[in-house]
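Let me begin by presenting the structure, written as structure tokens, before commenting on it.
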Amino acid sequence: MTIVAAADGSALGNPGPAGWAWYVDDDCWRAGGWPHGTNNMGELMAVLDLFNSTAHLPDEPLHILCDSQYVINSVTKWMPGWKRKGWKKSDGKPVLNLELLKEIDAALVGRKYTFEWVKGHAGHALNEAADDRARDAATAHQAKKAPNAGPGFPGALQAGSSQTGSAESPATTSSIVTQSESGRSSAAARPHSVVPAQTTLFPNDLEQPDLFSMLEDEADPAFSAPNQDALEIVAALERELLDPGVRADPLRVGELLHPDFEEIGASGRRWTRQEVLEMLNEEESATVELQVLSISQVDTSTALLSYRSVSPAGSALRSSLWQREDGQWRLRFHQGTPEN
């Protein structure tokens, strides 16, 4: 039998006041945050605290509902490779959110767990409950107030990194990942909310770049010389906009589109930001492959990306103009033309 919980994070500004939360039911949840953090930090902290809060139940597998593909991939796909490379990414740079990831890595020992990806802001009851509490924690920190930490998990000893996270420091279609490790703790087991464990593998077409960590890594307000890391961020953000799960999330799409965004379609029609958001709300997206043709720095805060998109409907040549303001990249203009 499996403990089922949703884990979520929130950041107002990303980075900005940040919160995290996990939720089983109204009598079993926990939340915390920091005055300044990122969405990824919140997502990771929620998962870490959930493992720590259930450490006294080593025989009860965890089934974690998570709308962050970054977190799922970090824990189930990328972390083993990062460890082999001395916690370095494929480009040799240090992994971001390192301390949280190391603590999660330690918390996994002896535990059985599965991750299930759920679409955020899509009416999933547990996900919405965790999201509400994470956002409330971030809002509390924005107002310089202590967040409601929640009742916690029955029988848990709230200490260590879990306690630190709550203090002043830094209808759904799902895809499922299964991970397990051998070994057991000597603590007494005590069941809570349970469902049968699931074992479907997480599909490759949902793999996501280390997106928000990349944004953290690129902290300069603008690049004064061509910066390959910044250009890679732009390409990663464009890929995120093509992801069906992201396109179905109007809040995330709204974060990525510039307030003055516009698009010129293949028919010559001009689309406004609001029209695009409304169209995506009704769209049934398919997986799209992005093949970068060129990417270049236009000025100190602008990048131009040209690429070929390939989907079941065919291929198209596309250009996107990205602008950076207040430390965040947003899509300012896009145009696409079907390819013969």
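Going by the structure tokens order, chains are called A, B, ..., each with residues numbered from 1, while ligands are numbered from 1 in the order shown.
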Problem set entry | Polymer residues at most 12 Å from A:Gln142, only C-alpha atoms, same-chain spacing of 3 or more positions, as a PyMOL selection string | chain A and resi 10-13+15-19+33-37+135-139+145-147+168
Please provide the set of residues having any atom within 12 Å of A:His121, restricted to only C-alpha atoms, with same-chain residues fewer than 4 positions apart removed, written as a short mmCIF file (atom, residue, chain, number, x, y, z; two decimals) with all heavy atoms, in the first residue's frame.
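The new file selection_30.cif reads:
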data_model
loop_
_atom_site.label_atom_id
_atom_site.label_comp_id
_atom_site.auth_asym_id
_atom_site.auth_seq_id
_atom_site.Cartn_x
_atom_site.Cartn_y
_atom_site.Cartn_z
N ASP A 8 4.27 20.51 -4.39
CA ASP A 8 4.29 21.64 -5.32
C ASP A 8 5.10 22.80 -4.74
O ASP A 8 5.32 22.88 -3.53
CB ASP A 8 2.86 22.11 -5.62
CG ASP A 8 2.72 22.75 -6.99
OD1 ASP A 8 3.76 22.92 -7.67
OD2 ASP A 8 1.60 23.07 -7.40
N CYS A 66 3.22 15.22 -8.96
CA CYS A 66 4.08 16.39 -9.15
C CYS A 66 3.83 16.96 -10.54
O CYS A 66 3.81 16.23 -11.53
CB CYS A 66 5.54 15.97 -8.99
SG CYS A 66 6.73 17.31 -9.00
N ASP A 67 3.66 18.29 -10.63
CA ASP A 67 3.46 18.91 -11.94
C ASP A 67 4.77 19.46 -12.51
O ASP A 67 4.76 20.11 -13.55
CB ASP A 67 2.38 20.00 -11.90
CG ASP A 67 2.73 21.15 -10.96
OD1 ASP A 67 3.91 21.27 -10.56
OD2 ASP A 67 1.83 21.94 -10.63
N SER A 68 5.88 19.21 -11.83
CA SER A 68 7.19 19.69 -12.28
C SER A 68 7.97 18.55 -12.94
O SER A 68 8.45 17.64 -12.27
CB SER A 68 7.99 20.25 -11.12
OG SER A 68 9.33 20.51 -11.50
N ALA A 125 -7.43 17.53 -7.59
CA ALA A 125 -7.72 17.97 -6.23
C ALA A 125 -6.47 18.06 -5.35
O ALA A 125 -6.24 19.07 -4.67
CB ALA A 125 -8.75 17.05 -5.58
N LEU A 126 -5.65 17.02 -5.33
CA LEU A 126 -4.46 17.03 -4.48
C LEU A 126 -3.45 18.06 -4.97
O LEU A 126 -2.84 18.78 -4.16
CB LEU A 126 -3.82 15.65 -4.43
CG LEU A 126 -4.65 14.53 -3.77
CD1 LEU A 126 -3.83 13.25 -3.72
CD2 LEU A 126 -5.11 14.93 -2.40
N ASN A 127 -3.24 18.14 -6.28
CA ASN A 127 -2.31 19.11 -6.83
C ASN A 127 -2.75 20.53 -6.53
O ASN A 127 -1.93 21.39 -6.17
CB ASN A 127 -2.16 18.90 -8.34
CG ASN A 127 -1.29 19.95 -8.99
OD1 ASN A 127 -1.79 20.89 -9.61
ND2 ASN A 127 0.02 19.83 -8.85
N GLU A 128 -4.03 20.80 -6.68
CA GLU A 128 -4.54 22.14 -6.41
C GLU A 128 -4.37 22.50 -4.93
O GLU A 128 -4.03 23.63 -4.58
CB GLU A 128 -6.02 22.23 -6.79
CG GLU A 128 -6.30 22.08 -8.29
CD GLU A 128 -5.84 23.27 -9.11
OE1 GLU A 128 -5.49 24.32 -8.52
OE2 GLU A 128 -5.82 23.17 -10.34
N ALA A 129 -4.60 21.51 -4.05
CA ALA A 129 -4.45 21.77 -2.62
C ALA A 129 -2.99 22.09 -2.26
O ALA A 129 -2.72 23.00 -1.47
CB ALA A 129 -4.93 20.56 -1.82
N ALA A 130 -2.06 21.34 -2.84
CA ALA A 130 -0.64 21.62 -2.59
C ALA A 130 -0.25 22.97 -3.18
O ALA A 130 0.48 23.75 -2.55
CB ALA A 130 0.22 20.50 -3.18
N ASP A 131 -0.73 23.26 -4.38
CA ASP A 131 -0.42 24.53 -5.03
C ASP A 131 -0.94 25.71 -4.20
O ASP A 131 -0.23 26.71 -4.02
CB ASP A 131 -1.04 24.56 -6.43
CG ASP A 131 -0.81 25.88 -7.14
OD1 ASP A 131 0.34 26.15 -7.53
OD2 ASP A 131 -1.78 26.65 -7.31
N ASP A 132 -2.16 25.59 -3.71
CA ASP A 132 -2.73 26.67 -2.90
C ASP A 132 -1.87 26.94 -1.67
O ASP A 132 -1.59 28.09 -1.32
CB ASP A 132 -4.15 26.31 -2.45
CG ASP A 132 -5.15 26.36 -3.58
OD1 ASP A 132 -4.84 26.95 -4.63
OD2 ASP A 132 -6.26 25.81 -3.42
N ALA A 171 -9.20 17.45 -14.13
CA ALA A 171 -9.31 16.04 -14.57
C ALA A 171 -8.09 15.81 -15.37
O ALA A 171 -7.97 16.41 -16.39
CB ALA A 171 -10.57 15.81 -15.39
N THR A 172 -7.08 14.88 -14.97
CA THR A 172 -5.69 14.96 -15.33
C THR A 172 -5.22 13.73 -16.08
O THR A 172 -5.52 12.61 -15.73
CB THR A 172 -4.88 15.10 -14.03
OG1 THR A 172 -5.31 16.29 -13.38
CG2 THR A 172 -3.42 15.18 -14.32
N GLY A 245 2.24 19.92 -22.14
CA GLY A 245 1.86 20.18 -20.76
C GLY A 245 1.95 21.64 -20.38
O GLY A 245 1.11 22.16 -19.65
N VAL A 246 2.96 22.32 -20.91
CA VAL A 246 3.12 23.75 -20.63
C VAL A 246 2.07 24.56 -21.38
O VAL A 246 1.47 25.49 -20.84
CB VAL A 246 4.54 24.22 -21.02
CG1 VAL A 246 4.67 25.74 -20.89
CG2 VAL A 246 5.57 23.53 -20.14
N ARG A 247 1.80 24.20 -22.64
CA ARG A 247 0.82 24.94 -23.43
C ARG A 247 -0.58 24.84 -22.84
O ARG A 247 -1.42 25.72 -23.07
CB ARG A 247 0.83 24.42 -24.87
CG ARG A 247 2.14 24.72 -25.61
CD ARG A 247 2.20 23.99 -26.93
NE ARG A 247 1.36 24.59 -27.95
CZ ARG A 247 1.71 25.61 -28.73
NH1 ARG A 247 2.90 26.18 -28.58
NH2 ARG A 247 0.89 26.07 -29.66
N ALA A 248 -0.81 23.80 -22.06
CA ALA A 248 -2.10 23.66 -21.40
C ALA A 248 -2.17 24.41 -20.07
O ALA A 248 -3.21 24.41 -19.42
CB ALA A 248 -2.40 22.18 -21.17
N ASP A 249 -1.06 25.04 -19.69
CA ASP A 249 -1.00 25.77 -18.42
C ASP A 249 -0.96 27.28 -18.73
O ASP A 249 0.10 27.83 -19.00
CB ASP A 249 0.25 25.35 -17.66
CG ASP A 249 0.38 26.04 -16.31
OD1 ASP A 249 -0.42 26.95 -16.02
OD2 ASP A 249 1.29 25.68 -15.55
N PRO A 250 -2.11 27.98 -18.71
CA PRO A 250 -2.13 29.39 -19.08
C PRO A 250 -1.28 30.27 -18.18
O PRO A 250 -0.76 31.30 -18.63
CB PRO A 250 -3.62 29.76 -18.99
CG PRO A 250 -4.21 28.73 -18.10
CD PRO A 250 -3.45 27.48 -18.32
N LEU A 251 -1.10 29.88 -16.92
CA LEU A 251 -0.27 30.69 -16.02
C LEU A 251 1.19 30.66 -16.45
O LEU A 251 1.86 31.70 -16.50
CB LEU A 251 -0.42 30.18 -14.59
CG LEU A 251 -1.79 30.36 -13.94
CD1 LEU A 251 -1.79 29.80 -12.53
CD2 LEU A 251 -2.19 31.83 -13.92
N ARG A 252 1.68 29.46 -16.79
CA ARG A 252 3.09 29.36 -17.20
C ARG A 252 3.30 30.01 -18.56
O ARG A 252 4.29 30.72 -18.76
CB ARG A 252 3.52 27.89 -17.24
CG ARG A 252 4.98 27.70 -17.64
CD ARG A 252 5.91 28.51 -16.77
NE ARG A 252 7.30 28.44 -17.20
CZ ARG A 252 8.21 29.37 -16.98
NH1 ARG A 252 7.87 30.48 -16.32
NH2 ARG A 252 9.44 29.22 -17.40
N ASN A 281 -5.76 27.68 -24.84
CA ASN A 281 -6.67 27.12 -23.85
C ASN A 281 -7.60 26.07 -24.46
O ASN A 281 -8.09 25.18 -23.78
CB ASN A 281 -7.50 28.24 -23.21
CG ASN A 281 -8.30 27.75 -22.01
OD1 ASN A 281 -7.78 27.06 -21.15
ND2 ASN A 281 -9.56 28.13 -21.96
#
For this session: One decimal, Å: what's the distance from atom CA of A:Thr287 over to atom CA of A:Asp243, could you say?
Result: 6.7 Å
Exercise. Could you work out how far atom CA of A:Ala143 lies from atom CA of A:Trp29, giving the answer in Å with one decimal?
Worked result: 22.1 Å
Seminar exercise, completed: From the list A:Leu280, A:Ala313, A:Ala266, A:Ile3, the nearest residue to A:Leu241 using only C-alpha atoms is A:Leu280
